[in-house]
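Encoded as structure tokens, the structure appears first; notes follow it.
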Amino acid sequence: MKKPLFNVIGKKARIATFLFLASCSLIAQNKMAVISGKVFDQNSGEALIGATIYEEVGMAGASTNAHGYYSLKYDPYASALITVSFIGYESRSFMPDSISAIKNIYLSPATRELGEVVVTSGKSANVQKAQTSAFMVNKTELLTLPSLASEPDLNLYLQLTPGVSFAGDGNSNLYVRGGGHDQNLFLLDDMPLFHVSHFGGFFSTFNADIINSAILYKGGFPARHGGRLSSVVDVHTYDGDLYKFNGKLTLGLLFSKIAINGPISKGKSSYNISFRKNLFNYLDLLSDANIDFGFYDANIKLSAALSDVDKLYLSFYAGNDLFGFHDGTDSTGFSKNNTTWGNLAASVRYNRIFSPSLFGNFIIGHSDYHFNEYRLMKLDSVSEDERVHYENDFKSDISCEFAKAHFEWNIRNNVRLFYGYELNWYRYNPGNAHIIQKFPGLENAEGDYGYKKSYSIENNLFSELIFEGVHGFSGNIGIRPSLLSIDNKSFLSFQPRLSLSYSLFKNLEIKTSFTRINQAFHVLTSTGTGFSSDYRIPVFDMAPPSESEQFVIGLEYKPLPGCEISLEAYSKYMDQMVMKKPGVRYTVDYSSWEKTIETGGKGMSEGLELLIRKTTGRFTGWVGLTWQSGRRYFENINNGNPFPFDYDRTWEVNCSGQYPINENMNLGLNWIYATGIPANIPEWYFEDIEGNSVFLYKGYNSSRQRDYHRLDLSLSMKGDHGDWNISIMNVYYHKNPYYYQVTIRNDKPELKEHNLFTIIPTFSYTFKF
């Protein structure tokens with residue numbers, strides 16, 4: 001399989017650089033005054049992300065970044081008038097009173113009448129104009145659209161966007177433009193999280209109540225982000241109210257949660273704490289089996305304003321899941337199989353406005369993911385010679401100590417420079433087990449088995465130059481050199497990034513981007529107790545870092561205020577991919593890497609994405625259409641022929657919308673249609689000499705499940721003391737395929753389809769205190 005050629009990219013980069021440098025030389029170099037600071041909510045003290053700062057006389061503008069920071073330059077000899085605005089807030093205008101100043105600005109929430117703007121723009125001002133393949137999450141949509149257990153879920157929301165394959169019932173993982181769920185970088189307040197799903201994927205680890213902003217990058221990745229091949233999900237949470245206490249308790253069918261926030265020192269420091277947990281083991285109640293199930297997650301964030309230009313944060317996240325079953329007693333024989341997994345992350349973050357033009361953000365922290373599978377089988381109520389005891393305690397984990405230093409330098413209003421350094425120190429335990437075996441007639445055995453533990457150090461530099469409105473061109477030119485060192489072996493990569501846009505007409509832009517990105521470790525996935533299990537392993541000589549190249553070209557048209565239409569085509573190539581060999585039992589076999597993994601894999605993906613989104617007015621929402629083709633290639637799989645990616649859906653249609661019936665009631669709707677995912681379905685079978693059925697397949701992933709479609713509705717109602725959230729999933733009771741079971745009937749293989757969900761009504765109630 002030949003690697004696609006991107007020779008045109010280098011030519012485009014040279015043209016963009018020439019245009020930028022040439023145009024900069026034509027821009028007047030008059031002495032400019034500068035004002036900078038942060039924009040806050042007057043009532044709570046929360047930073048407002050994406051607020052607009054506009055100088056009326058010189059027609060210069062800026063917007064706040066993910067930390068609420070802005071910097072604006074203007075002509076000091078003109079009678080400058082600066083207006084600050086943010087959707088849902090009263091605008092504020094003032095005249096600057098000094099040549100260079102740091103000024104924090106506070107806006108008051110506006111009283112919104114029914115029929116006014118309900119949802120902010122789908123692309124916030126803090127996403128630069130040239131950015132391709134970015135989707136800004138809107139909090140109103142996130143909280144009102146239908147969801148499982150009436151619990152808003154970030155990952156399930158993002159699955160409805162073009163380019164993200166709908167994973168199916170009971171799966172909140174993201175599969176972006178032909179990439180695997182392990183190829184997504186999830187950042188929670190700048191802390192990386194390795195695994196972001198509860199209950200095997202039914203819902204994500206992000207508590208929607210505390211999300212302040214979130215953005216999904218599917219391509220055109222800024223150089224400040226790296227380490228995963230397919231996407232970046234950048235989530236920032238609320239700091240907490242600086243002036244008054246707030247709390248709410250939500251009771252739901254699957255789990256309940258509590259969230260509190262308020263001042264530590266009024267006007268100076270605050271806290272924001274949330275906790276979610278299942279209150280009862282409903283799986284055990286609904287099943288004849290003895291099922292063990294439970295999960296929780298907790299978020300703690302402390303913030304303190306040390307001065308007008310300094311702010312300090314402490315962030316903590318912990319989440320854990322348990323799923324298993326047990327059966328029998330000591331007299332009849334006892335068996336137990338429990339699986340636990342979870343994340344832990346903590347960080348200290350400090351940001352400072354060094355000067356009106358320079359902002360810095362610094363963070364040090366720890367993040368880890370652990371996986372444990374414990375199996376026990378014993379029979380003790382017999383004679384010593386007949387006793388049975390088998391115990392396998394398997395553990396796999398990864399941890400990362402990280403440090404980041406990011407700087408934002410505003411050279412001019414239309415020219416910014418982002419640069420910085422990131423350090424990641426990974427420690428790997430790919431898999432180790434303590435095994436005890438005692439069987440009648442066999443010699444007792446006890447010992448430790450598994451794969452070698454190791455560590456790696458990754459050093460990253462990055463720089464990105466962003467320019468806007470230079471003779472109709474806007475762009476982001478960046479590079480991210482990375483050095484990964486492990487076991488006296490080093491892997492050096494230069495990862496160029498380019499995003500470029502040109503205004504064809506007032507409301508029509510053509511955009512293009514090229515990115516190269518590497519991943520510092522590999523992930524092996526297998527299915528054990530009904531859920532997929534992930535094991536992270538380091539890179540080494542036979543499995544060097546995976547890499548990806550992606551080219552995007554598209555059009556963006558805004559026919560009316562609050563309405564946008566975008567069309568993007570992409571081509572993506574991935575190399576040095578790794579997967580577990582079919583049939584390998586990773587937690588039991590413990591063979592050499594050569595016998596455990598397939599290496600040198602390649603991935604190819606092309607697609608076309610259409611998004612029509614209405615972001616203002618009473619009815620808001622979007623329609624998304626995706627065509628895609630994703631394939632994999634491994635020398636020893638499918639006879640060396642390319643095969644469809646596991647979650648390759650050729651066509652997808654997503655419709656989402658929300659409508660306020662009145663000021664206290666909101667109606668939400670989702671409709672999903674998707675081509676069936678690839679599947680291994682036998683076409684023939686025969687019996688071997690021992691009478692065992694042997695199934696024959698046309699090829700790996702050569703068949704497909706039936707097409708998937710579903711309609712969901714929700715109703716949100718606000719009351720004086722609390723809020724109701726009611727969702728009905730799969731309203732018209734369509735039985736969508738979950739998996740197929742193969743049986744033999746009339747000497748022919750026959751499929752039995754299993755479904756996970758039919759119609760599911762759920763509700764939750766939230767008390768405010």
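Convention: chains lettered A, B, ... in structure tokens order; per-chain residue numbering from 1; ligands numbered from 1 as shown.
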task: Considering only C-alpha atoms, return as a VMD selection string whatever protein or nucleic-acid residues lie within 6 Å of segment 453-467 of chain A, sequence-local ones (same chain, fewer than 3 positions apart) excluded.
output: chain A and resid 223 to 224 414 to 429 474 to 486
task: Skip Ala51 of chain A itself and residues of its chain fewer than 5 positions away, then list as a ChimeraX atom specification all residues within 7 Å of it, counting only C-alpha atoms.
output: /A:63-64,85-86
Can those selected residues be exported to a file as an mmCIF file, in the first residue's frame so that it contains C-alpha atoms?
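Contents of the output file selection06.cif:
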```
data_model
loop_
_atom_site.group_PDB
_atom_site.id
_atom_site.type_symbol
_atom_site.label_atom_id
_atom_site.label_comp_id
_atom_site.auth_asym_id
_atom_site.auth_seq_id
_atom_site.Cartn_x
_atom_site.Cartn_y
_atom_site.Cartn_z
ATOM 1 C CA SER A 63 -11.087 37.893 21.679
ATOM 2 C CA THR A 64 -10.423 36.168 24.980
ATOM 3 C CA SER A 85 -19.337 41.992 24.430
ATOM 4 C CA PHE A 86 -20.274 38.392 25.037
#
```
task: Counting only C-alpha atoms, figure out which residue out of A:Leu143, A:Arg276, A:Lys336, A:Leu756 gets nearest to Phe202 of chain A.
output: A:Leu756
- prompt: If you count only C-alpha atoms, which residues fall within 8 Å of Asn343 of chain A, apart from same-chain ones fewer than 3 positions away, as an MDAnalysis selection string?
  reply: chainID A and resid 193:195 317:320 367:370
Output all heavy atoms for every residue in the selection just made, as a tab-separated table (two decimals), in the first residue's frame.
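Dumped to part22.tsv:
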```tsv
chain	number	residue	atom	x	y	z
A	193	LEU	N	-5.99	12.92	29.97
A	193	LEU	CA	-6.67	11.74	30.52
A	193	LEU	C	-6.54	10.61	29.51
A	193	LEU	O	-6.75	10.79	28.31
A	193	LEU	CB	-8.15	12.02	30.79
A	193	LEU	CG	-8.47	13.09	31.84
A	193	LEU	CD1	-9.98	13.21	32.03
A	193	LEU	CD2	-7.80	12.79	33.18
A	194	PHE	N	-6.21	9.41	29.99
A	194	PHE	CA	-5.95	8.28	29.10
A	194	PHE	C	-7.20	7.52	28.73
A	194	PHE	O	-7.28	6.93	27.66
A	194	PHE	CB	-4.95	7.33	29.76
A	194	PHE	CG	-3.57	7.89	29.91
A	194	PHE	CD1	-3.12	8.36	31.13
A	194	PHE	CD2	-2.72	7.97	28.82
A	194	PHE	CE1	-1.85	8.88	31.27
A	194	PHE	CE2	-1.44	8.48	28.94
A	194	PHE	CZ	-1.01	8.95	30.17
A	195	HIS	N	-8.20	7.49	29.60
A	195	HIS	CA	-9.40	6.66	29.36
A	195	HIS	C	-10.60	7.46	29.85
A	195	HIS	O	-10.64	7.87	31.02
A	195	HIS	CB	-9.28	5.34	30.13
A	195	HIS	CG	-10.29	4.33	29.74
A	195	HIS	ND1	-10.12	3.45	28.69
A	195	HIS	CD2	-11.51	4.03	30.26
A	195	HIS	CE1	-11.17	2.65	28.59
A	195	HIS	NE2	-12.03	3.00	29.52
A	317	TYR	N	-8.74	15.12	39.51
A	317	TYR	CA	-9.78	14.25	38.96
A	317	TYR	C	-9.48	12.81	39.36
A	317	TYR	O	-8.33	12.36	39.31
A	317	TYR	CB	-9.87	14.32	37.43
A	317	TYR	CG	-10.76	13.24	36.86
A	317	TYR	CD1	-12.14	13.41	36.82
A	317	TYR	CD2	-10.24	12.03	36.44
A	317	TYR	CE1	-12.97	12.41	36.36
A	317	TYR	CE2	-11.05	11.02	35.96
A	317	TYR	CZ	-12.42	11.21	35.92
A	317	TYR	OH	-13.24	10.21	35.48
A	318	ALA	N	-10.52	12.07	39.75
A	318	ALA	CA	-10.39	10.64	40.02
A	318	ALA	C	-11.67	9.95	39.56
A	318	ALA	O	-12.78	10.46	39.77
A	318	ALA	CB	-10.15	10.37	41.50
A	319	GLY	N	-11.52	8.81	38.92
A	319	GLY	CA	-12.67	8.02	38.49
A	319	GLY	C	-12.32	6.56	38.49
A	319	GLY	O	-11.17	6.18	38.19
A	320	ASN	N	-13.30	5.72	38.81
A	320	ASN	CA	-13.03	4.29	38.86
A	320	ASN	C	-14.30	3.51	38.52
A	320	ASN	O	-15.42	3.95	38.80
A	320	ASN	CB	-12.55	3.89	40.25
A	320	ASN	CG	-11.79	2.57	40.24
A	320	ASN	OD1	-10.69	2.48	39.71
A	320	ASN	ND2	-12.39	1.54	40.81
A	367	SER	N	-0.77	12.18	35.76
A	367	SER	CA	-1.97	11.51	35.25
A	367	SER	C	-1.66	10.04	35.10
A	367	SER	O	-0.56	9.67	34.65
A	367	SER	CB	-2.39	12.10	33.90
A	367	SER	OG	-3.54	11.46	33.40
A	368	ASP	N	-2.60	9.18	35.49
A	368	ASP	CA	-2.37	7.73	35.30
A	368	ASP	C	-3.69	7.03	35.00
A	368	ASP	O	-4.78	7.54	35.27
A	368	ASP	CB	-1.68	7.10	36.51
A	368	ASP	CG	-2.54	7.06	37.77
A	368	ASP	OD1	-3.68	6.55	37.72
A	368	ASP	OD2	-2.08	7.53	38.82
A	369	TYR	N	-3.54	5.86	34.41
A	369	TYR	CA	-4.67	4.98	34.12
A	369	TYR	C	-4.29	3.58	34.57
A	369	TYR	O	-3.20	3.09	34.27
A	369	TYR	CB	-4.99	4.97	32.63
A	369	TYR	CG	-5.96	3.87	32.22
A	369	TYR	CD1	-7.29	3.93	32.57
A	369	TYR	CD2	-5.50	2.76	31.49
A	369	TYR	CE1	-8.17	2.92	32.20
A	369	TYR	CE2	-6.37	1.76	31.11
A	369	TYR	CZ	-7.71	1.84	31.48
A	369	TYR	OH	-8.58	0.84	31.12
A	370	HIS	N	-5.20	2.94	35.31
A	370	HIS	CA	-4.92	1.59	35.80
A	370	HIS	C	-6.03	0.64	35.35
A	370	HIS	O	-7.20	1.03	35.23
A	370	HIS	CB	-4.80	1.57	37.32
A	370	HIS	CG	-6.09	1.92	38.02
A	370	HIS	ND1	-6.41	3.21	38.38
A	370	HIS	CD2	-7.14	1.15	38.42
A	370	HIS	CE1	-7.60	3.22	38.96
A	370	HIS	NE2	-8.06	1.99	39.00
```
query: Which polymer residues have any atom within 12 Å of an atom of segment 726-735 of chain A, counting only C-alpha atoms, with same-chain residues fewer than 3 positions away left out, as a ChimeraX atom specification?
result: /A:143-152,168-169,252-253,665-673,706-718,723,738-739,753-766
Restricted to N, CA and C atoms, what would the selected residues look like written as a short mmCIF file (atom, residue, chain, number, x, y, z; two decimals), in the first residue's frame?
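Contents of the output file part-v7.cif:
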```
data_model
loop_
_atom_site.label_atom_id
_atom_site.label_comp_id
_atom_site.auth_asym_id
_atom_site.auth_seq_id
_atom_site.Cartn_x
_atom_site.Cartn_y
_atom_site.Cartn_z
N LEU A 143 -26.65 20.51 27.33
CA LEU A 143 -27.51 20.25 28.49
C LEU A 143 -28.95 19.91 28.12
N THR A 144 -29.38 20.25 26.90
CA THR A 144 -30.79 20.05 26.56
C THR A 144 -31.05 18.91 25.58
N LEU A 145 -30.03 18.44 24.84
CA LEU A 145 -30.27 17.36 23.89
C LEU A 145 -30.50 16.04 24.60
N PRO A 146 -31.24 15.11 24.00
CA PRO A 146 -31.54 13.81 24.65
C PRO A 146 -30.25 13.06 24.97
N SER A 147 -30.31 12.28 26.07
CA SER A 147 -29.14 11.53 26.49
C SER A 147 -29.57 10.35 27.34
N LEU A 148 -28.72 9.33 27.36
CA LEU A 148 -28.99 8.14 28.16
C LEU A 148 -29.03 8.51 29.63
N ALA A 149 -30.06 8.01 30.33
CA ALA A 149 -30.25 8.28 31.76
C ALA A 149 -30.51 9.75 32.03
N SER A 150 -30.90 10.51 30.98
CA SER A 150 -31.15 11.94 31.12
C SER A 150 -29.95 12.67 31.71
N GLU A 151 -28.77 12.17 31.42
CA GLU A 151 -27.52 12.76 31.88
C GLU A 151 -26.75 13.30 30.67
N PRO A 152 -26.61 14.62 30.53
CA PRO A 152 -25.86 15.16 29.39
C PRO A 152 -24.46 14.56 29.33
N GLY A 168 -22.37 3.25 18.19
CA GLY A 168 -23.41 2.25 18.46
C GLY A 168 -23.88 2.30 19.89
N ASP A 169 -24.89 1.48 20.19
CA ASP A 169 -25.47 1.46 21.53
C ASP A 169 -24.42 1.06 22.56
N GLY A 252 -30.88 10.43 39.54
CA GLY A 252 -31.19 9.80 38.27
C GLY A 252 -31.39 8.31 38.42
N LEU A 253 -31.81 7.68 37.31
CA LEU A 253 -32.07 6.25 37.35
C LEU A 253 -30.79 5.43 37.40
N MET A 665 -39.27 25.67 29.61
CA MET A 665 -39.33 24.34 29.00
C MET A 665 -38.56 24.33 27.68
N ASN A 666 -37.73 23.30 27.50
CA ASN A 666 -36.96 23.13 26.28
C ASN A 666 -37.19 21.73 25.72
N LEU A 667 -37.39 21.65 24.40
CA LEU A 667 -37.56 20.37 23.73
C LEU A 667 -36.30 20.08 22.92
N GLY A 668 -35.76 18.87 23.06
CA GLY A 668 -34.57 18.47 22.32
C GLY A 668 -34.84 17.26 21.44
N LEU A 669 -34.06 17.14 20.34
CA LEU A 669 -34.28 16.06 19.39
C LEU A 669 -32.95 15.64 18.78
N ASN A 670 -32.77 14.32 18.64
CA ASN A 670 -31.67 13.75 17.87
C ASN A 670 -32.24 12.69 16.93
N TRP A 671 -31.77 12.67 15.70
CA TRP A 671 -32.06 11.55 14.80
C TRP A 671 -30.76 11.13 14.15
N ILE A 672 -30.50 9.83 14.17
CA ILE A 672 -29.24 9.28 13.68
C ILE A 672 -29.53 8.21 12.64
N TYR A 673 -28.83 8.28 11.53
CA TYR A 673 -28.82 7.18 10.56
C TYR A 673 -27.36 6.89 10.22
N ARG A 706 -26.53 -4.65 9.94
CA ARG A 706 -27.62 -3.87 9.35
C ARG A 706 -27.40 -2.38 9.66
N ASP A 707 -28.01 -1.53 8.84
CA ASP A 707 -27.92 -0.09 9.07
C ASP A 707 -28.56 0.28 10.41
N TYR A 708 -28.07 1.35 10.97
CA TYR A 708 -28.51 1.81 12.29
C TYR A 708 -29.31 3.10 12.13
N HIS A 709 -30.44 3.22 12.82
CA HIS A 709 -31.13 4.51 12.90
C HIS A 709 -31.97 4.56 14.17
N ARG A 710 -32.15 5.79 14.68
CA ARG A 710 -32.79 5.97 15.98
C ARG A 710 -33.23 7.43 16.14
N LEU A 711 -34.37 7.62 16.81
CA LEU A 711 -34.87 8.96 17.14
C LEU A 711 -34.93 9.09 18.66
N ASP A 712 -34.38 10.19 19.18
CA ASP A 712 -34.41 10.47 20.62
C ASP A 712 -35.09 11.82 20.85
N LEU A 713 -35.86 11.91 21.94
CA LEU A 713 -36.52 13.15 22.33
C LEU A 713 -36.22 13.45 23.79
N SER A 714 -36.21 14.74 24.12
CA SER A 714 -36.00 15.13 25.52
C SER A 714 -36.85 16.35 25.84
N LEU A 715 -37.17 16.48 27.11
CA LEU A 715 -37.90 17.64 27.61
C LEU A 715 -37.24 18.09 28.91
N SER A 716 -36.79 19.34 28.92
CA SER A 716 -36.17 19.93 30.12
C SER A 716 -37.12 20.95 30.70
N MET A 717 -37.39 20.86 32.01
CA MET A 717 -38.33 21.76 32.66
C MET A 717 -37.69 22.36 33.90
N LYS A 718 -37.71 23.69 33.99
CA LYS A 718 -37.15 24.39 35.12
C LYS A 718 -38.24 24.76 36.11
N ASP A 723 -35.08 21.14 38.72
CA ASP A 723 -35.30 20.95 37.29
C ASP A 723 -35.52 19.48 36.97
N TYR A 738 -26.58 -5.15 17.88
CA TYR A 738 -25.49 -4.97 18.85
C TYR A 738 -24.35 -5.93 18.55
N TYR A 739 -24.69 -7.21 18.40
CA TYR A 739 -23.72 -8.19 17.91
C TYR A 739 -24.48 -9.37 17.34
N GLU A 753 -29.30 -12.24 15.67
CA GLU A 753 -28.97 -10.86 16.02
C GLU A 753 -29.39 -10.55 17.44
N HIS A 754 -28.49 -9.89 18.18
CA HIS A 754 -28.79 -9.47 19.54
C HIS A 754 -28.86 -7.94 19.58
N ASN A 755 -29.84 -7.42 20.31
CA ASN A 755 -30.05 -5.99 20.43
C ASN A 755 -29.83 -5.58 21.88
N LEU A 756 -29.27 -4.40 22.07
CA LEU A 756 -29.02 -3.92 23.43
C LEU A 756 -30.17 -3.06 23.94
N PHE A 757 -30.60 -2.07 23.14
CA PHE A 757 -31.65 -1.16 23.57
C PHE A 757 -32.82 -1.21 22.60
N THR A 758 -34.02 -1.10 23.13
CA THR A 758 -35.17 -0.78 22.29
C THR A 758 -35.59 0.65 22.69
N ILE A 759 -36.77 0.84 23.24
CA ILE A 759 -37.15 2.16 23.71
C ILE A 759 -36.78 2.29 25.19
N ILE A 760 -36.17 3.42 25.56
CA ILE A 760 -35.72 3.62 26.94
C ILE A 760 -36.17 4.99 27.42
N PRO A 761 -37.20 5.06 28.27
CA PRO A 761 -37.55 6.34 28.90
C PRO A 761 -36.75 6.51 30.19
N THR A 762 -36.15 7.65 30.37
CA THR A 762 -35.39 7.92 31.59
C THR A 762 -35.69 9.34 32.08
N PHE A 763 -35.36 9.61 33.32
CA PHE A 763 -35.56 10.95 33.85
C PHE A 763 -34.54 11.20 34.97
N SER A 764 -34.36 12.47 35.26
CA SER A 764 -33.55 12.88 36.40
C SER A 764 -34.15 14.16 36.97
N TYR A 765 -33.90 14.37 38.26
CA TYR A 765 -34.41 15.57 38.92
C TYR A 765 -33.27 16.23 39.67
N THR A 766 -33.15 17.53 39.50
CA THR A 766 -32.06 18.27 40.11
C THR A 766 -32.60 19.27 41.13
#
```
Who sits within 12 Å of Ser93 of chain A, only C-alpha atoms, same chain under 2 positions skipped, as a list in words: Thr52, Ile53, Tyr54, Glu55, Glu56, Ala80, Leu81, Ile82, Thr83, Val84, Ser85, Glu90, Ser91, Met95, Pro96, Ile105, Tyr106 and Leu107 of chain A
Those residues you just picked out, can you put them in a file as an mmCIF file, in the first residue's frame with C-alpha atoms?
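result19.cif written:
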```cif
data_model
loop_
_atom_site.group_PDB
_atom_site.id
_atom_site.type_symbol
_atom_site.label_atom_id
_atom_site.label_comp_id
_atom_site.auth_asym_id
_atom_site.auth_seq_id
_atom_site.Cartn_x
_atom_site.Cartn_y
_atom_site.Cartn_z
ATOM 1 C CA THR A 52 -15.080 40.053 21.904
ATOM 2 C CA ILE A 53 -13.079 43.250 22.494
ATOM 3 C CA TYR A 54 -13.503 45.799 19.693
ATOM 4 C CA GLU A 55 -12.017 49.267 19.186
ATOM 5 C CA GLU A 56 -14.677 51.249 17.329
ATOM 6 C CA ALA A 80 -10.362 55.241 20.980
ATOM 7 C CA LEU A 81 -13.628 53.684 22.153
ATOM 8 C CA ILE A 82 -13.455 50.045 23.250
ATOM 9 C CA THR A 83 -16.557 47.829 23.446
ATOM 10 C CA VAL A 84 -16.541 44.469 25.186
ATOM 11 C CA SER A 85 -19.337 41.992 24.430
ATOM 12 C CA GLU A 90 -24.685 43.378 28.595
ATOM 13 C CA SER A 91 -22.011 45.049 26.469
ATOM 14 C CA MET A 95 -12.248 54.925 26.628
ATOM 15 C CA PRO A 96 -8.741 53.754 27.595
ATOM 16 C CA ILE A 105 -13.277 43.843 32.578
ATOM 17 C CA TYR A 106 -16.508 42.636 34.196
ATOM 18 C CA LEU A 107 -19.753 42.065 32.267
#
```
task: Based on DSSP run over this structure's backbone, return all residues of segment 433-528 of chain A in strand (DSSP E), as a ChimeraX atom specification.
output: /A:433-438,445-450,454-470,473-486,489-505,508-519,521-527
- request: Excluding segment 621-634 of chain A and any residue of its chain fewer than 6 positions from it, enumerate the residues within 8 Å of it, using only C-alpha atoms, and give them as a ChimeraX atom specification.
  value: /A:1,141,160-163,177-178,598-615,640-645,648-658
Please produce an output containing N, CA and C atoms for each residue in the selection, written as a short mmCIF file (atom, residue, chain, number, x, y, z; two decimals), in the first residue's frame.
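Everything below was put into part.cif:
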```cif
data_model
loop_
_atom_site.label_atom_id
_atom_site.label_comp_id
_atom_site.auth_asym_id
_atom_site.auth_seq_id
_atom_site.Cartn_x
_atom_site.Cartn_y
_atom_site.Cartn_z
N MET A 1 0.85 -1.18 0.00
CA MET A 1 0.00 0.00 0.00
C MET A 1 0.89 1.24 0.00
N GLU A 141 -26.82 23.48 24.14
CA GLU A 141 -27.14 22.27 23.39
C GLU A 141 -26.75 21.02 24.18
N LEU A 160 -22.36 13.09 17.41
CA LEU A 160 -23.36 13.58 16.48
C LEU A 160 -22.78 14.54 15.45
N THR A 161 -21.48 14.84 15.52
CA THR A 161 -20.88 15.79 14.60
C THR A 161 -20.31 15.07 13.38
N PRO A 162 -20.30 15.70 12.22
CA PRO A 162 -19.74 15.07 11.02
C PRO A 162 -18.27 14.71 11.23
N GLY A 163 -17.89 13.53 10.72
CA GLY A 163 -16.51 13.08 10.84
C GLY A 163 -16.23 12.21 12.03
N ARG A 177 -12.55 10.29 11.91
CA ARG A 177 -11.97 10.22 10.57
C ARG A 177 -11.11 8.97 10.37
N GLY A 178 -11.68 7.82 10.70
CA GLY A 178 -11.01 6.56 10.49
C GLY A 178 -10.00 6.19 11.55
N GLU A 598 0.85 -7.39 16.02
CA GLU A 598 1.14 -7.12 14.62
C GLU A 598 1.67 -5.69 14.52
N THR A 599 2.75 -5.50 13.77
CA THR A 599 3.37 -4.19 13.67
C THR A 599 3.42 -3.74 12.21
N GLY A 600 3.87 -2.50 12.03
CA GLY A 600 4.02 -1.97 10.68
C GLY A 600 2.73 -1.74 9.95
N GLY A 601 1.62 -1.61 10.69
CA GLY A 601 0.32 -1.42 10.05
C GLY A 601 0.15 -0.04 9.45
N LYS A 602 -0.74 0.05 8.49
CA LYS A 602 -1.04 1.32 7.83
C LYS A 602 -2.55 1.55 7.87
N GLY A 603 -2.92 2.82 7.90
CA GLY A 603 -4.32 3.19 7.88
C GLY A 603 -4.56 4.25 6.83
N MET A 604 -5.63 4.11 6.08
CA MET A 604 -5.99 5.07 5.04
C MET A 604 -7.45 5.47 5.24
N SER A 605 -7.72 6.75 5.11
CA SER A 605 -9.09 7.22 5.29
C SER A 605 -9.33 8.45 4.43
N GLU A 606 -10.48 8.49 3.77
CA GLU A 606 -10.91 9.66 3.02
C GLU A 606 -12.36 9.93 3.38
N GLY A 607 -12.74 11.18 3.28
CA GLY A 607 -14.12 11.49 3.63
C GLY A 607 -14.56 12.86 3.15
N LEU A 608 -15.88 13.04 3.16
CA LEU A 608 -16.52 14.30 2.80
C LEU A 608 -17.55 14.60 3.89
N GLU A 609 -17.49 15.83 4.44
CA GLU A 609 -18.35 16.19 5.57
C GLU A 609 -19.10 17.49 5.27
N LEU A 610 -20.40 17.46 5.48
CA LEU A 610 -21.24 18.64 5.31
C LEU A 610 -21.91 18.97 6.64
N LEU A 611 -21.81 20.22 7.06
CA LEU A 611 -22.44 20.67 8.30
C LEU A 611 -23.26 21.92 8.01
N ILE A 612 -24.54 21.87 8.37
CA ILE A 612 -25.42 23.04 8.29
C ILE A 612 -25.88 23.32 9.72
N ARG A 613 -25.51 24.47 10.24
CA ARG A 613 -25.77 24.74 11.65
C ARG A 613 -26.43 26.11 11.84
N LYS A 614 -27.50 26.12 12.62
CA LYS A 614 -28.19 27.36 12.98
C LYS A 614 -27.92 27.60 14.46
N THR A 615 -27.37 28.76 14.76
CA THR A 615 -26.88 28.99 16.12
C THR A 615 -27.58 30.11 16.86
N GLY A 640 -2.72 -10.07 3.71
CA GLY A 640 -1.98 -8.90 3.26
C GLY A 640 -2.79 -7.90 2.47
N ASN A 641 -4.12 -8.08 2.42
CA ASN A 641 -4.98 -7.16 1.68
C ASN A 641 -5.61 -6.15 2.64
N PRO A 642 -5.83 -4.92 2.17
CA PRO A 642 -6.50 -3.93 3.03
C PRO A 642 -7.89 -4.42 3.44
N PHE A 643 -8.32 -4.02 4.64
CA PHE A 643 -9.63 -4.41 5.13
C PHE A 643 -10.28 -3.21 5.82
N PRO A 644 -11.62 -3.16 5.88
CA PRO A 644 -12.30 -2.01 6.49
C PRO A 644 -11.97 -1.88 7.97
N PHE A 645 -11.84 -0.63 8.41
CA PHE A 645 -11.66 -0.33 9.83
C PHE A 645 -12.91 -0.76 10.60
N ASP A 648 -15.86 1.72 10.51
CA ASP A 648 -16.03 2.42 9.25
C ASP A 648 -17.51 2.40 8.87
N ARG A 649 -18.15 3.53 8.93
CA ARG A 649 -19.55 3.67 8.48
C ARG A 649 -19.54 4.53 7.22
N THR A 650 -19.96 3.97 6.11
CA THR A 650 -19.85 4.67 4.83
C THR A 650 -20.66 5.96 4.81
N TRP A 651 -21.89 5.90 5.30
CA TRP A 651 -22.75 7.09 5.33
C TRP A 651 -23.28 7.31 6.75
N GLU A 652 -23.35 8.57 7.12
CA GLU A 652 -23.97 8.95 8.39
C GLU A 652 -24.74 10.24 8.20
N VAL A 653 -25.91 10.29 8.81
CA VAL A 653 -26.72 11.52 8.85
C VAL A 653 -27.07 11.77 10.31
N ASN A 654 -26.79 12.98 10.77
CA ASN A 654 -27.09 13.35 12.16
C ASN A 654 -27.90 14.64 12.16
N CYS A 655 -29.03 14.61 12.85
CA CYS A 655 -29.87 15.80 13.01
C CYS A 655 -30.05 16.06 14.49
N SER A 656 -29.73 17.26 14.93
CA SER A 656 -29.87 17.62 16.34
C SER A 656 -30.48 19.02 16.43
N GLY A 657 -31.37 19.20 17.40
CA GLY A 657 -31.97 20.50 17.55
C GLY A 657 -32.60 20.67 18.91
N GLN A 658 -32.78 21.93 19.30
CA GLN A 658 -33.47 22.22 20.55
C GLN A 658 -34.34 23.46 20.36
#
```
